[in-house]
file input-v9.tsv (TSV, C-alpha atoms)
chain	number	residue	atom	x	y	z
A	124	MET	CA	22.69	16.66	-12.53
A	125	SER	CA	26.43	17.01	-11.82
A	126	ALA	CA	28.72	14.01	-11.56
A	127	LEU	CA	29.16	14.63	-7.83
A	128	ALA	CA	25.40	14.75	-7.25
A	129	ALA	CA	24.95	11.60	-9.34
A	130	ARG	CA	27.51	9.74	-7.23
A	131	GLY	CA	25.81	10.95	-4.06
A	132	SER	CA	22.42	9.78	-5.27
A	133	ALA	CA	23.85	6.41	-6.30
A	134	ALA	CA	25.40	6.01	-2.85
A	135	ARG	CA	22.10	6.85	-1.13
A	136	LEU	CA	20.23	4.42	-3.36
A	137	GLY	CA	22.76	1.68	-2.69
A	138	LEU	CA	22.59	2.27	1.06
A	139	THR	CA	18.79	2.24	1.00
A	140	LEU	CA	18.74	-1.09	-0.84
A	141	LEU	CA	21.44	-2.50	1.45
A	142	VAL	CA	19.43	-1.64	4.55
A	143	GLY	CA	16.27	-3.13	3.03
A	144	ALA	CA	18.02	-6.31	1.92
A	145	GLY	CA	19.68	-6.67	5.32
A	146	GLY	CA	16.33	-6.35	7.09
A	147	GLY	CA	14.76	-8.89	4.74
A	148	ALA	CA	17.63	-11.34	5.23
A	149	LEU	CA	17.38	-11.04	9.02
A	150	ALA	CA	13.61	-11.61	8.91
A	151	THR	CA	14.22	-14.67	6.71
A	152	LEU	CA	16.70	-16.07	9.23
A	153	LEU	CA	14.08	-15.53	11.95
A	154	ASP	CA	11.55	-17.40	9.76
A	155	LEU	CA	9.04	-14.52	9.75
A	156	PRO	CA	6.15	-14.64	7.24
A	157	VAL	CA	6.70	-12.74	3.95
A	158	SER	CA	10.11	-12.04	5.43
A	159	TRP	CA	11.65	-10.03	2.59
A	160	LEU	CA	8.78	-7.53	2.58
A	161	LEU	CA	8.26	-7.32	6.34
A	162	GLY	CA	11.96	-7.17	7.20
A	163	SER	CA	12.84	-4.54	4.62
A	164	THR	CA	9.87	-2.37	5.63
A	165	LEU	CA	10.80	-2.33	9.30
A	166	ALA	CA	14.53	-1.91	8.67
A	167	VAL	CA	14.11	1.05	6.34
A	168	ALA	CA	11.53	2.70	8.61
A	169	VAL	CA	13.94	2.51	11.56
A	170	ALA	CA	16.88	3.69	9.45
A	171	SER	CA	14.90	6.59	8.02
A	172	LEU	CA	13.75	7.77	11.43
A	173	SER	CA	17.37	7.45	12.63
A	174	GLY	CA	18.52	9.95	10.02
A	175	LEU	CA	19.16	7.99	6.82
A	176	ARG	CA	17.91	9.90	3.79
A	177	ILE	CA	16.03	7.24	1.84
A	178	LEU	CA	16.31	7.40	-1.94
A	179	LEU	CA	14.32	5.31	-4.40
A	180	PRO	CA	13.87	6.82	-7.88
A	181	ASN	CA	10.31	6.76	-9.14
A	182	ARG	CA	11.38	4.80	-12.22
A	183	LEU	CA	12.71	1.98	-10.03
A	184	ARG	CA	9.57	2.05	-7.90
A	185	ASP	CA	7.37	1.85	-11.02
A	186	LEU	CA	9.39	-1.06	-12.39
A	187	VAL	CA	8.88	-2.94	-9.13
A	188	PHE	CA	5.13	-2.22	-9.16
A	189	PHE	CA	5.01	-3.60	-12.70
A	190	VAL	CA	6.81	-6.81	-11.71
A	191	LEU	CA	4.64	-7.28	-8.62
A	192	GLY	CA	1.51	-6.67	-10.70
A	193	ILE	CA	2.53	-9.48	-13.07
A	194	GLN	CA	3.20	-11.73	-10.12
A	195	ALA	CA	-0.13	-10.92	-8.45
A	196	GLY	CA	-2.01	-11.63	-11.69
A	197	SER	CA	-0.47	-15.08	-11.86
A	198	GLY	CA	-2.46	-16.00	-8.76
A	199	VAL	CA	-5.80	-15.57	-10.55
A	200	THR	CA	-7.49	-18.91	-11.28
A	201	PRO	CA	-10.79	-19.98	-12.89
A	202	GLU	CA	-12.16	-20.63	-9.39
A	203	VAL	CA	-11.68	-16.92	-8.62
A	204	LEU	CA	-13.93	-15.93	-11.53
A	205	GLY	CA	-16.75	-17.96	-10.09
A	206	GLN	CA	-17.05	-15.56	-7.15
A	207	LEU	CA	-17.36	-12.36	-9.20
A	208	ALA	CA	-21.13	-12.18	-8.56
A	209	LEU	CA	-20.44	-11.72	-4.84
A	210	TRP	CA	-18.17	-8.72	-5.30
A	211	PRO	CA	-20.79	-5.89	-5.53
A	212	LEU	CA	-22.32	-6.82	-2.17
A	213	SER	CA	-18.85	-7.16	-0.70
A	214	PHE	CA	-18.02	-3.65	-1.95
A	215	ALA	CA	-21.14	-2.28	-0.25
A	216	ILE	CA	-20.27	-3.89	3.09
A	217	GLN	CA	-16.70	-2.64	2.80
A	218	MET	CA	-17.77	0.97	2.15
A	219	ALA	CA	-20.12	0.88	5.14
A	220	GLY	CA	-17.10	-0.04	7.21
A	221	VAL	CA	-15.02	2.78	5.69
A	222	VAL	CA	-17.69	5.35	6.63
A	223	LEU	CA	-17.76	4.04	10.20
A	224	VAL	CA	-13.97	4.20	10.41
A	225	VAL	CA	-13.87	7.84	9.30
A	226	ILE	CA	-16.65	8.93	11.66
A	227	ALA	CA	-15.33	7.06	14.70
A	228	THR	CA	-11.67	8.00	14.17
A	229	ARG	CA	-12.49	11.68	13.68
A	230	PHE	CA	-14.64	11.66	16.83
A	231	PHE	CA	-11.83	9.96	18.77
A	232	LEU	CA	-9.13	12.42	17.68
A	233	GLN	CA	-11.31	15.45	18.36
A	234	ARG	CA	-12.76	14.40	21.71
A	235	VAL	CA	-9.82	12.55	23.26
A	236	PHE	CA	-6.88	14.60	21.93
A	237	GLY	CA	-8.61	17.88	21.18
A	238	TRP	CA	-7.60	18.01	17.51
A	239	ASP	CA	-9.31	20.51	15.26
A	240	ARG	CA	-11.94	19.12	12.90
A	241	GLU	CA	-9.82	19.56	9.75
A	242	THR	CA	-6.81	17.64	11.07
A	243	ALA	CA	-8.99	14.93	12.63
A	244	LEU	CA	-10.95	14.43	9.41
A	245	PHE	CA	-7.94	14.01	7.12
A	246	ALA	CA	-6.07	11.84	9.63
A	247	ALA	CA	-9.15	9.59	9.84
A	248	MET	CA	-9.22	8.85	6.10
A	249	PRO	CA	-8.18	5.17	5.62
A	250	GLY	CA	-5.80	5.40	2.67
A	251	ALA	CA	-5.58	7.50	-0.52
A	252	LEU	CA	-2.69	9.37	1.11
A	253	SER	CA	-1.74	11.43	-1.94
A	254	PHE	CA	-5.28	12.80	-2.31
A	255	VAL	CA	-5.61	13.34	1.44
A	256	LEU	CA	-2.38	15.36	1.67
A	257	ALA	CA	-3.13	17.40	-1.43
A	258	ALA	CA	-6.57	18.36	-0.13
A	259	ALA	CA	-5.44	18.88	3.47
A	260	SER	CA	-2.67	21.24	2.36
A	261	GLN	CA	-5.33	23.68	1.15
A	262	THR	CA	-6.96	23.85	4.60
A	263	ARG	CA	-5.79	24.76	8.09
A	264	ALA	CA	-5.10	21.13	8.99
A	265	ASP	CA	-1.87	20.18	10.79
A	266	MET	CA	0.09	18.37	8.08
A	267	THR	CA	2.62	16.79	10.45
A	268	ARG	CA	-0.08	15.08	12.47
A	269	ILE	CA	-1.79	13.78	9.33
A	270	VAL	CA	1.42	12.41	7.80
A	271	VAL	CA	2.56	10.68	10.99
A	272	VAL	CA	-0.82	9.11	11.77
A	273	GLN	CA	-1.34	7.93	8.17
A	274	SER	CA	2.21	6.56	7.84
A	275	MET	CA	2.05	4.81	11.21
A	276	ARG	CA	-1.23	3.18	10.17
A	277	LEU	CA	0.40	1.70	7.08
A	278	LEU	CA	3.46	0.42	8.96
A	279	LEU	CA	1.33	-1.05	11.73
A	280	LEU	CA	-0.90	-2.75	9.17
A	281	ILE	CA	2.03	-4.45	7.47
A	282	GLY	CA	3.58	-5.33	10.81
A	283	ALA	CA	0.34	-6.75	12.27
A	284	LEU	CA	-1.38	-8.34	9.28
A	285	THR	CA	1.66	-10.21	7.98
A	286	PRO	CA	2.31	-12.38	11.07
A	287	LEU	CA	-1.45	-12.74	11.70
A	288	LEU	CA	-2.04	-14.14	8.23
A	289	GLY	CA	1.10	-16.24	8.53
A	290	TRP	CA	-0.38	-17.82	11.64
A	291	LEU	CA	-3.88	-18.25	10.17
A	292	GLU	CA	-2.69	-19.57	6.83
A	293	GLY	CA	-0.05	-21.88	8.27
A	294	GLY	CA	3.10	-20.00	7.29
A	295	ASP	CA	4.61	-18.19	4.36
A	296	VAL	CA	3.48	-20.04	1.24
A	297	VAL	CA	6.34	-18.61	-0.80
A	298	ALA	CA	8.72	-20.83	1.14
A	299	GLN	CA	6.97	-23.88	-0.33
A	300	GLY	CA	8.35	-23.22	-3.79
A	301	LEU	CA	7.75	-21.33	-7.01
A	302	ARG	CA	4.15	-20.13	-7.44
A	303	GLY	CA	2.17	-18.64	-10.30
A	304	GLY	CA	3.19	-21.30	-12.81
A	305	ALA	CA	6.51	-22.77	-13.86
A	306	ILE	CA	9.57	-21.39	-15.59
A	307	GLY	CA	8.42	-21.26	-19.20
A	308	ALA	CA	9.73	-20.57	-22.69
A	309	TRP	CA	11.27	-17.25	-23.65
A	310	TRP	CA	8.36	-16.37	-25.97
A	311	GLN	CA	5.87	-16.79	-23.13
A	312	TYR	CA	7.74	-14.26	-21.03
A	313	LEU	CA	8.00	-11.92	-24.00
A	314	LEU	CA	4.25	-12.18	-24.60
A	315	LEU	CA	3.50	-11.75	-20.90
A	316	ILE	CA	5.65	-8.62	-20.61
A	317	GLY	CA	4.24	-7.12	-23.81
A	318	VAL	CA	0.57	-7.60	-22.85
A	319	CYS	CA	1.18	-6.38	-19.29
A	320	LEU	CA	3.09	-3.32	-20.53
A	321	ALA	CA	0.23	-2.39	-22.84
A	322	LEU	CA	-2.44	-2.70	-20.15
A	323	ALA	CA	-0.25	-0.96	-17.55
A	324	ALA	CA	0.16	1.95	-19.98
A	325	VAL	CA	-3.61	2.11	-20.36
A	326	GLY	CA	-4.01	2.09	-16.58
A	327	VAL	CA	-1.57	4.97	-16.17
A	328	ALA	CA	-3.04	6.96	-19.07
A	329	THR	CA	-6.59	6.66	-17.73
A	330	LYS	CA	-5.40	7.67	-14.22
A	331	VAL	CA	-7.03	4.66	-12.59
A	332	PRO	CA	-5.86	4.41	-8.95
A	333	GLY	CA	-2.90	2.05	-8.90
A	334	GLY	CA	-3.21	1.84	-12.70
A	335	LEU	CA	0.34	0.60	-13.23
A	336	ILE	CA	0.14	-2.42	-10.95
A	337	LEU	CA	-3.51	-3.09	-11.81
A	338	GLY	CA	-2.88	-3.04	-15.56
A	339	ALA	CA	0.02	-5.44	-15.20
A	340	MET	CA	-2.06	-7.67	-12.94
A	341	LEU	CA	-4.96	-7.74	-15.42
A	342	GLY	CA	-2.68	-8.68	-18.33
A	343	SER	CA	-1.05	-11.40	-16.27
A	344	ALA	CA	-4.42	-12.70	-15.08
A	345	LEU	CA	-5.66	-13.00	-18.67
A	346	LEU	CA	-2.62	-14.96	-19.84
A	347	HIS	CA	-2.46	-17.16	-16.76
A	348	GLY	CA	-6.21	-17.82	-16.69
A	349	SER	CA	-6.17	-18.83	-20.36
A	350	GLN	CA	-3.00	-20.91	-19.83
A	351	VAL	CA	-1.36	-19.13	-22.77
A	352	ALA	CA	1.56	-17.96	-20.65
A	353	ALA	CA	1.12	-19.52	-17.21
A	354	VAL	CA	4.71	-18.80	-16.22
A	355	ALA	CA	6.15	-17.83	-12.85
A	356	ILE	CA	8.27	-14.83	-11.92
A	357	PRO	CA	11.64	-16.31	-10.85
A	358	ASN	CA	12.52	-15.79	-7.20
A	359	GLU	CA	15.69	-14.00	-8.31
A	360	ILE	CA	13.39	-11.21	-9.54
A	361	ALA	CA	10.49	-11.55	-7.10
A	362	ILE	CA	12.58	-11.28	-3.92
A	363	PRO	CA	14.39	-8.02	-4.88
A	364	ALA	CA	11.00	-6.60	-5.88
A	365	LEU	CA	9.63	-7.37	-2.40
A	366	VAL	CA	12.67	-5.72	-0.81
A	367	ILE	CA	12.23	-2.55	-2.86
A	368	LEU	CA	8.51	-2.42	-2.04
A	369	GLY	CA	9.47	-2.66	1.62
A	370	CYS	CA	11.88	0.26	1.12
A	371	VAL	CA	9.07	2.31	-0.43
A	372	ILE	CA	6.74	1.62	2.51
A	373	GLY	CA	9.38	2.11	5.20
A	374	GLY	CA	10.57	5.33	3.56
A	375	ARG	CA	7.18	6.97	4.16
A	376	LEU	CA	8.51	8.13	7.52
A	377	ARG	CA	11.25	10.75	7.35
A	378	PRO	CA	13.89	11.92	9.86
A	379	GLU	CA	11.92	15.13	10.39
A	380	ASP	CA	8.95	13.06	11.62
A	381	ARG	CA	11.01	11.63	14.50
A	382	ALA	CA	10.32	14.50	16.92
A	383	SER	CA	6.58	14.05	16.40
A	384	MET	CA	6.50	10.26	16.64
A	385	LEU	CA	6.41	9.88	20.43
A	386	PRO	CA	3.88	12.67	21.15
A	387	LEU	CA	1.62	11.39	18.38
A	388	LEU	CA	2.02	7.69	19.19
A	389	PRO	CA	-1.12	7.41	21.39
A	390	ALA	CA	-3.26	9.09	18.72
A	391	SER	CA	-1.71	6.94	15.98
A	392	LEU	CA	-2.26	3.71	17.90
A	393	GLY	CA	-5.82	4.71	18.80
A	394	ALA	CA	-6.65	5.56	15.20
A	395	PHE	CA	-5.11	2.27	14.05
A	396	VAL	CA	-7.08	0.21	16.57
A	397	ILE	CA	-10.35	1.92	15.64
A	398	GLY	CA	-9.68	1.40	11.93
A	399	VAL	CA	-8.82	-2.26	12.32
A	400	ALA	CA	-11.69	-2.95	14.74
A	401	LEU	CA	-14.41	-1.39	12.58
A	402	SER	CA	-12.96	-2.80	9.36
A	403	GLY	CA	-12.90	-6.16	11.16
A	404	LEU	CA	-16.58	-5.84	12.07
A	405	ALA	CA	-17.40	-5.13	8.43
A	406	GLY	CA	-15.27	-8.13	7.49
A	407	LEU	CA	-17.16	-10.37	9.91
A	408	ALA	CA	-20.43	-9.21	8.37
A	409	ALA	CA	-19.09	-10.06	4.91
A	410	LEU	CA	-17.88	-13.41	6.20
A	411	ALA	CA	-21.35	-14.22	7.57
A	412	VAL	CA	-23.23	-13.01	4.49
A	413	LEU	CA	-20.90	-14.06	1.68
A	414	GLY	CA	-18.97	-16.98	3.12
A	415	ILE	CA	-15.70	-15.78	1.57
A	416	ASP	CA	-12.37	-16.86	3.06
A	417	PHE	CA	-11.47	-14.78	6.12
A	418	GLY	CA	-7.93	-14.08	4.94
A	419	LYS	CA	-9.19	-12.58	1.67
A	420	ILE	CA	-11.65	-10.36	3.50
A	421	ALA	CA	-9.02	-9.25	6.03
A	422	LEU	CA	-6.70	-8.04	3.28
A	423	ALA	CA	-9.49	-6.55	1.14
A	424	TYR	CA	-11.11	-4.60	3.99
A	425	ALA	CA	-7.88	-3.51	5.71
A	426	PRO	CA	-7.43	0.30	5.66
A	427	GLY	CA	-4.08	0.08	3.89
A	428	ALA	CA	-2.17	0.47	0.64
A	429	LEU	CA	-3.29	-1.21	-2.57
A	430	GLU	CA	0.18	-2.33	-3.68
A	431	ALA	CA	1.34	-3.80	-0.38
A	432	LEU	CA	-1.86	-5.68	0.42
A	433	THR	CA	-2.25	-7.02	-3.12
A	434	VAL	CA	1.27	-8.41	-2.83
A	435	LEU	CA	0.43	-9.97	0.54
A	436	ALA	CA	-2.66	-11.57	-1.04
A	437	PHE	CA	-0.45	-13.25	-3.63
A	438	GLN	CA	2.10	-14.34	-1.04
A	439	PHE	CA	-0.61	-16.08	0.99
A	440	ASP	CA	-2.52	-17.36	-2.08
A	441	LEU	CA	-5.59	-15.30	-1.18
A	442	ASP	CA	-7.05	-14.08	-4.49
A	443	PRO	CA	-5.13	-10.86	-5.26
A	444	ALA	CA	-7.79	-9.76	-7.79
A	445	TYR	CA	-10.48	-9.65	-5.08
A	446	VAL	CA	-8.18	-7.75	-2.73
A	447	ALA	CA	-7.03	-5.26	-5.37
A	448	ALA	CA	-10.59	-4.58	-6.56
A	449	HIS	CA	-11.71	-3.63	-3.04
A	450	HIS	CA	-8.80	-1.27	-2.51
A	451	VAL	CA	-9.49	0.43	-5.84
A	452	VAL	CA	-13.14	0.94	-4.84
A	453	ARG	CA	-12.08	2.42	-1.48
A	454	PHE	CA	-9.44	4.58	-3.14
A	455	VAL	CA	-11.85	5.95	-5.75
A	456	ALA	CA	-14.53	6.68	-3.14
A	457	LEU	CA	-12.06	8.57	-0.95
A	458	ALA	CA	-10.51	10.36	-3.92
A	459	LEU	CA	-13.96	11.66	-4.88
A	460	ALA	CA	-15.01	12.53	-1.33
A	461	VAL	CA	-11.85	14.24	-0.07
A	462	PRO	CA	-11.89	17.28	-2.41
A	463	LEU	CA	-15.59	17.83	-1.69
A	464	LEU	CA	-14.96	17.73	2.05
A	465	ALA	CA	-11.97	20.05	1.72
A	466	ARG	CA	-14.13	22.73	0.07
A	467	ARG	CA	-16.31	22.88	3.17
A	468	LEU	CA	-13.32	23.61	5.44
A	469	PRO	CA	-11.51	26.91	6.08
A	470	VAL	CA	-8.79	27.62	3.51
A	471	ARG	CA	-5.17	27.84	4.59
A	472	GLU	CA	-3.82	31.37	4.26
A	473	ALA	CA	-0.30	30.40	3.19
A	474	GLU	CA	0.13	28.10	0.20
A	475	VAL	CA	2.08	25.02	1.29
A	476	ALA	CA	0.69	22.39	-1.05
A	477	GLY	CA	4.04	21.74	-2.64
A	478	GLU	CA	5.64	20.89	0.69
A	479	ALA	CA	2.73	18.71	1.74
A	480	ALA	CA	2.65	16.63	-1.40
A	481	ALA	CA	6.36	15.85	-1.49
A	482	ARG	CA	6.23	12.61	0.48
A	483	ASP	CA	7.67	10.11	-2.02
A	484	THR	CA	11.11	8.57	-1.66
A	485	GLU	CA	12.62	10.08	-4.77
A	486	ASP	CA	15.42	12.61	-4.59
A	487	PRO	CA	14.19	15.99	-5.91
A	488	ALA	CA	17.26	16.13	-8.12
A	489	GLU	CA	16.06	12.95	-9.84
A	490	ARG	CA	12.70	14.37	-10.86
A	491	THR	CA	12.09	15.47	-14.42
call {"tool": "encode", "arguments": {"input": "input-v9.tsv", "output": "structure tokens"}}
result
Amino acid sequence: MSALAARGSAARLGLTLLVGAGGGALATLLDLPVSWLLGSTLAVAVASLSGLRILLPNRLRDLVFFVLGIQAGSGVTPEVLGQLALWPLSFAIQMAGVVLVVIATRFFLQRVFGWDRETALFAAMPGALSFVLAAASQTRADMTRIVVVQSMRLLLLIGALTPLLGWLEGGDVVAQGLRGGAIGAWWQYLLLIGVCLALAAVGVATKVPGGLILGAMLGSALLHGSQVAAVAIPNEIAIPALVILGCVIGGRLRPEDRASMLPLLPASLGAFVIGVALSGLAGLAALAVLGIDFGKIALAYAPGALEALTVLAFQFDLDPAYVAAHHVVRFVALALAVPLLARRLPVREAEVAGEAAARDTEDPAERT
């Protein structure tokens, strides 16, 4: 990369972080729940749709996922382990809800808006966006519709679930002080980082969905649960990590999506409402059968992103391990089903998979 291109990329990165931090600061002043995440997400989404070219290098994104995984693991307690026997039944109820969401959303998009079956099917998938786009790009599906509906679902989830949980749980628990332990000795942090790095590397190498954040969370959970290194992530690190995660989520929408936003808004809202309503019904069934806290079920069953909802679980002290496990199960199920479904659909004549898959926030010049 030339010096001029490097300076341009640095300027775009700085502007992206400035917008995210400004949105988080404003949300904090307004006393919104999980303000640094919610504010940065909304600010970057608006800025991106307004024409700002968002840039977040993948290495920075991965570092943030690693930090947030350590933080989420610090919320695991011995009481959490006592509910492990309930998880298989909870998974089954969750997957029944996922099937209903896909069927109902596809029916809605086809019958109400006249979408073709390929586009409606991939737009109806609740999550696993990378797999959905890769598979959809090989069919005749309308990629713009899929990207907008899927991205809007994620933004609406963060925007709706965060204040709802803030209201149900009595506010943003982060504001009450440092969580996940206390500031410990240097060797405890060194041990924590080393163990989490090793398990994160295993997660990435084995291609487990969300392997980076899950590996870090598992390592942190082991050391916190055993009290060997029950140390907290300082707010000086945790808050910037939340801001960058918000930039990642908000950057899902691009300036080129702006022209499609308004025409596709009714379909996006309808798909979101159907997804939340049917996931909510599955959650109520789990609540009645299992007696698990409603907030945990809401985050675990929500048709959203693993990283963002696991972070929200930690912020509201709602068992991030339970939430993360359910999103991994949903992700794996969709990742296995999507390619099989794609083979049954007509193949796209022109190869556009490369364009369809390029939906991250990294500058192409930064990729290696």
call {"tool": "closest_residue", "arguments": {"input": "input-v9.tsv", "among": "A:Leu252, A:Leu404, A:Leu422, A:Val157", "to": "Ala458 in chain A", "atoms": "all atoms listed in the file"}}
result
A:Leu252
call {"tool": "atom_distance", "arguments": {"input": "input-v9.tsv", "atom1": "CA of Trp210 in chain A", "atom2": "CA of Ala409 in chain A"}}
result
10.3 Å
call {"tool": "atom_distance", "arguments": {"input": "input-v9.tsv", "atom1": "CA of Ala246 in chain A", "atom2": "CA of Gln273 in chain A"}}
result
6.3 Å
call {"tool": "atom_distance", "arguments": {"input": "input-v9.tsv", "atom1": "CA of Thr228 in chain A", "atom2": "CA of Lys419 in chain A"}}
result
24.2 Å
call {"tool": "closest_residue", "arguments": {"input": "input-v9.tsv", "among": "A:Gly342, A:Gly307, A:Gly220, A:Gly162", "to": "Gly369 in chain A", "atoms": "all atoms listed in the file"}}
result
A:Gly162
call {"tool": "closest_residue", "arguments": {"input": "input-v9.tsv", "among": "A:Ala126, A:Leu178, A:Leu435, A:Val271", "to": "Phe395 in chain A", "atoms": "only C-alpha atoms"}}
result
A:Val271
call {"tool": "closest_residue", "arguments": {"input": "input-v9.tsv", "among": "A:Leu183, A:Leu161, A:Ile306, A:Ala215", "to": "Gly406 in chain A", "atoms": "all atoms listed in the file"}}
result
A:Ala215
call {"tool": "closest_residue", "arguments": {"input": "input-v9.tsv", "among": "A:Ile193, A:Leu256, A:Leu429, A:Ile415", "to": "Ala344 in chain A", "atoms": "all atoms listed in the file"}}
result
A:Ile193
call {"tool": "closest_residue", "arguments": {"input": "input-v9.tsv", "among": "A:Ser197, A:Ser402, A:Ser383, A:Thr329", "to": "Ile216 in chain A", "atoms": "all atoms listed in the file"}}
result
A:Ser402
call {"tool": "axis_aligned_box", "arguments": {"input": "input-v9.tsv", "around": "range 425-441 of chain A", "padding_each_side": "5 Å", "output": "lines of an AutoDock Vina configuration file"}}
result
center_x = -2.9
center_y = -8.4
center_z = 1.0
size_x = 20.0
size_y = 27.8
size_z = 19.4
call {"tool": "build_atoms", "arguments": {"input": "input-v9.tsv", "residues": "range 345-352 of chain A", "atoms": "all heavy atoms", "output": "PDB file, in the frame of the given file"}}
result
ATOM      1  N   LEU A 345      -5.109 -12.497 -17.408  1.00  0.00           N
ATOM      2  CA  LEU A 345      -5.660 -13.000 -18.670  1.00  0.00           C
ATOM      3  C   LEU A 345      -4.814 -14.127 -19.250  1.00  0.00           C
ATOM      4  O   LEU A 345      -5.342 -15.157 -19.697  1.00  0.00           O
ATOM      5  CB  LEU A 345      -5.771 -11.850 -19.672  1.00  0.00           C
ATOM      6  CG  LEU A 345      -6.827 -10.779 -19.374  1.00  0.00           C
ATOM      7  CD1 LEU A 345      -6.689  -9.614 -20.345  1.00  0.00           C
ATOM      8  CD2 LEU A 345      -8.229 -11.376 -19.433  1.00  0.00           C
ATOM      9  N   LEU A 346      -3.503 -13.957 -19.232  1.00  0.00           N
ATOM     10  CA  LEU A 346      -2.620 -14.960 -19.840  1.00  0.00           C
ATOM     11  C   LEU A 346      -2.466 -16.190 -18.958  1.00  0.00           C
ATOM     12  O   LEU A 346      -2.287 -17.300 -19.466  1.00  0.00           O
ATOM     13  CB  LEU A 346      -1.258 -14.336 -20.131  1.00  0.00           C
ATOM     14  CG  LEU A 346      -1.274 -13.260 -21.232  1.00  0.00           C
ATOM     15  CD1 LEU A 346       0.116 -12.659 -21.420  1.00  0.00           C
ATOM     16  CD2 LEU A 346      -1.764 -13.839 -22.547  1.00  0.00           C
ATOM     17  N   HIS A 347      -2.539 -15.998 -17.652  1.00  0.00           N
ATOM     18  CA  HIS A 347      -2.460 -17.160 -16.760  1.00  0.00           C
ATOM     19  C   HIS A 347      -3.787 -17.919 -16.742  1.00  0.00           C
ATOM     20  O   HIS A 347      -3.805 -19.156 -16.747  1.00  0.00           O
ATOM     21  CB  HIS A 347      -2.078 -16.735 -15.347  1.00  0.00           C
ATOM     22  CG  HIS A 347      -0.614 -16.514 -15.153  1.00  0.00           C
ATOM     23  ND1 HIS A 347       0.007 -15.336 -15.509  1.00  0.00           N
ATOM     24  CD2 HIS A 347       0.362 -17.317 -14.668  1.00  0.00           C
ATOM     25  CE1 HIS A 347       1.298 -15.420 -15.247  1.00  0.00           C
ATOM     26  NE2 HIS A 347       1.545 -16.615 -14.734  1.00  0.00           N
ATOM     27  N   GLY A 348      -4.902 -17.157 -16.705  1.00  0.00           N
ATOM     28  CA  GLY A 348      -6.210 -17.820 -16.690  1.00  0.00           C
ATOM     29  C   GLY A 348      -6.484 -18.605 -17.942  1.00  0.00           C
ATOM     30  O   GLY A 348      -7.135 -19.655 -17.906  1.00  0.00           O
ATOM     31  N   SER A 349      -5.982 -18.125 -19.085  1.00  0.00           N
ATOM     32  CA  SER A 349      -6.170 -18.830 -20.360  1.00  0.00           C
ATOM     33  C   SER A 349      -5.106 -19.882 -20.606  1.00  0.00           C
ATOM     34  O   SER A 349      -5.166 -20.601 -21.612  1.00  0.00           O
ATOM     35  CB  SER A 349      -6.163 -17.819 -21.505  1.00  0.00           C
ATOM     36  OG  SER A 349      -4.899 -17.173 -21.588  1.00  0.00           O
ATOM     37  N   GLN A 350      -4.103 -19.954 -19.718  1.00  0.00           N
ATOM     38  CA  GLN A 350      -3.000 -20.910 -19.830  1.00  0.00           C
ATOM     39  C   GLN A 350      -2.104 -20.645 -21.048  1.00  0.00           C
ATOM     40  O   GLN A 350      -1.311 -21.504 -21.432  1.00  0.00           O
ATOM     41  CB  GLN A 350      -3.521 -22.347 -19.885  1.00  0.00           C
ATOM     42  CG  GLN A 350      -4.278 -22.787 -18.643  1.00  0.00           C
ATOM     43  CD  GLN A 350      -3.387 -22.821 -17.406  1.00  0.00           C
ATOM     44  OE1 GLN A 350      -2.377 -23.501 -17.358  1.00  0.00           O
ATOM     45  NE2 GLN A 350      -3.762 -22.043 -16.387  1.00  0.00           N
ATOM     46  N   VAL A 351      -2.221 -19.461 -21.637  1.00  0.00           N
ATOM     47  CA  VAL A 351      -1.360 -19.130 -22.770  1.00  0.00           C
ATOM     48  C   VAL A 351       0.073 -18.895 -22.318  1.00  0.00           C
ATOM     49  O   VAL A 351       1.028 -19.317 -22.978  1.00  0.00           O
ATOM     50  CB  VAL A 351      -1.902 -17.882 -23.512  1.00  0.00           C
ATOM     51  CG1 VAL A 351      -0.915 -17.424 -24.592  1.00  0.00           C
ATOM     52  CG2 VAL A 351      -3.263 -18.181 -24.124  1.00  0.00           C
ATOM     53  N   ALA A 352       0.213 -18.232 -21.187  1.00  0.00           N
ATOM     54  CA  ALA A 352       1.560 -17.960 -20.650  1.00  0.00           C
ATOM     55  C   ALA A 352       1.506 -18.072 -19.135  1.00  0.00           C
ATOM     56  O   ALA A 352       1.710 -17.095 -18.414  1.00  0.00           O
ATOM     57  CB  ALA A 352       2.048 -16.582 -21.085  1.00  0.00           C
TER      58      ALA A 352
END
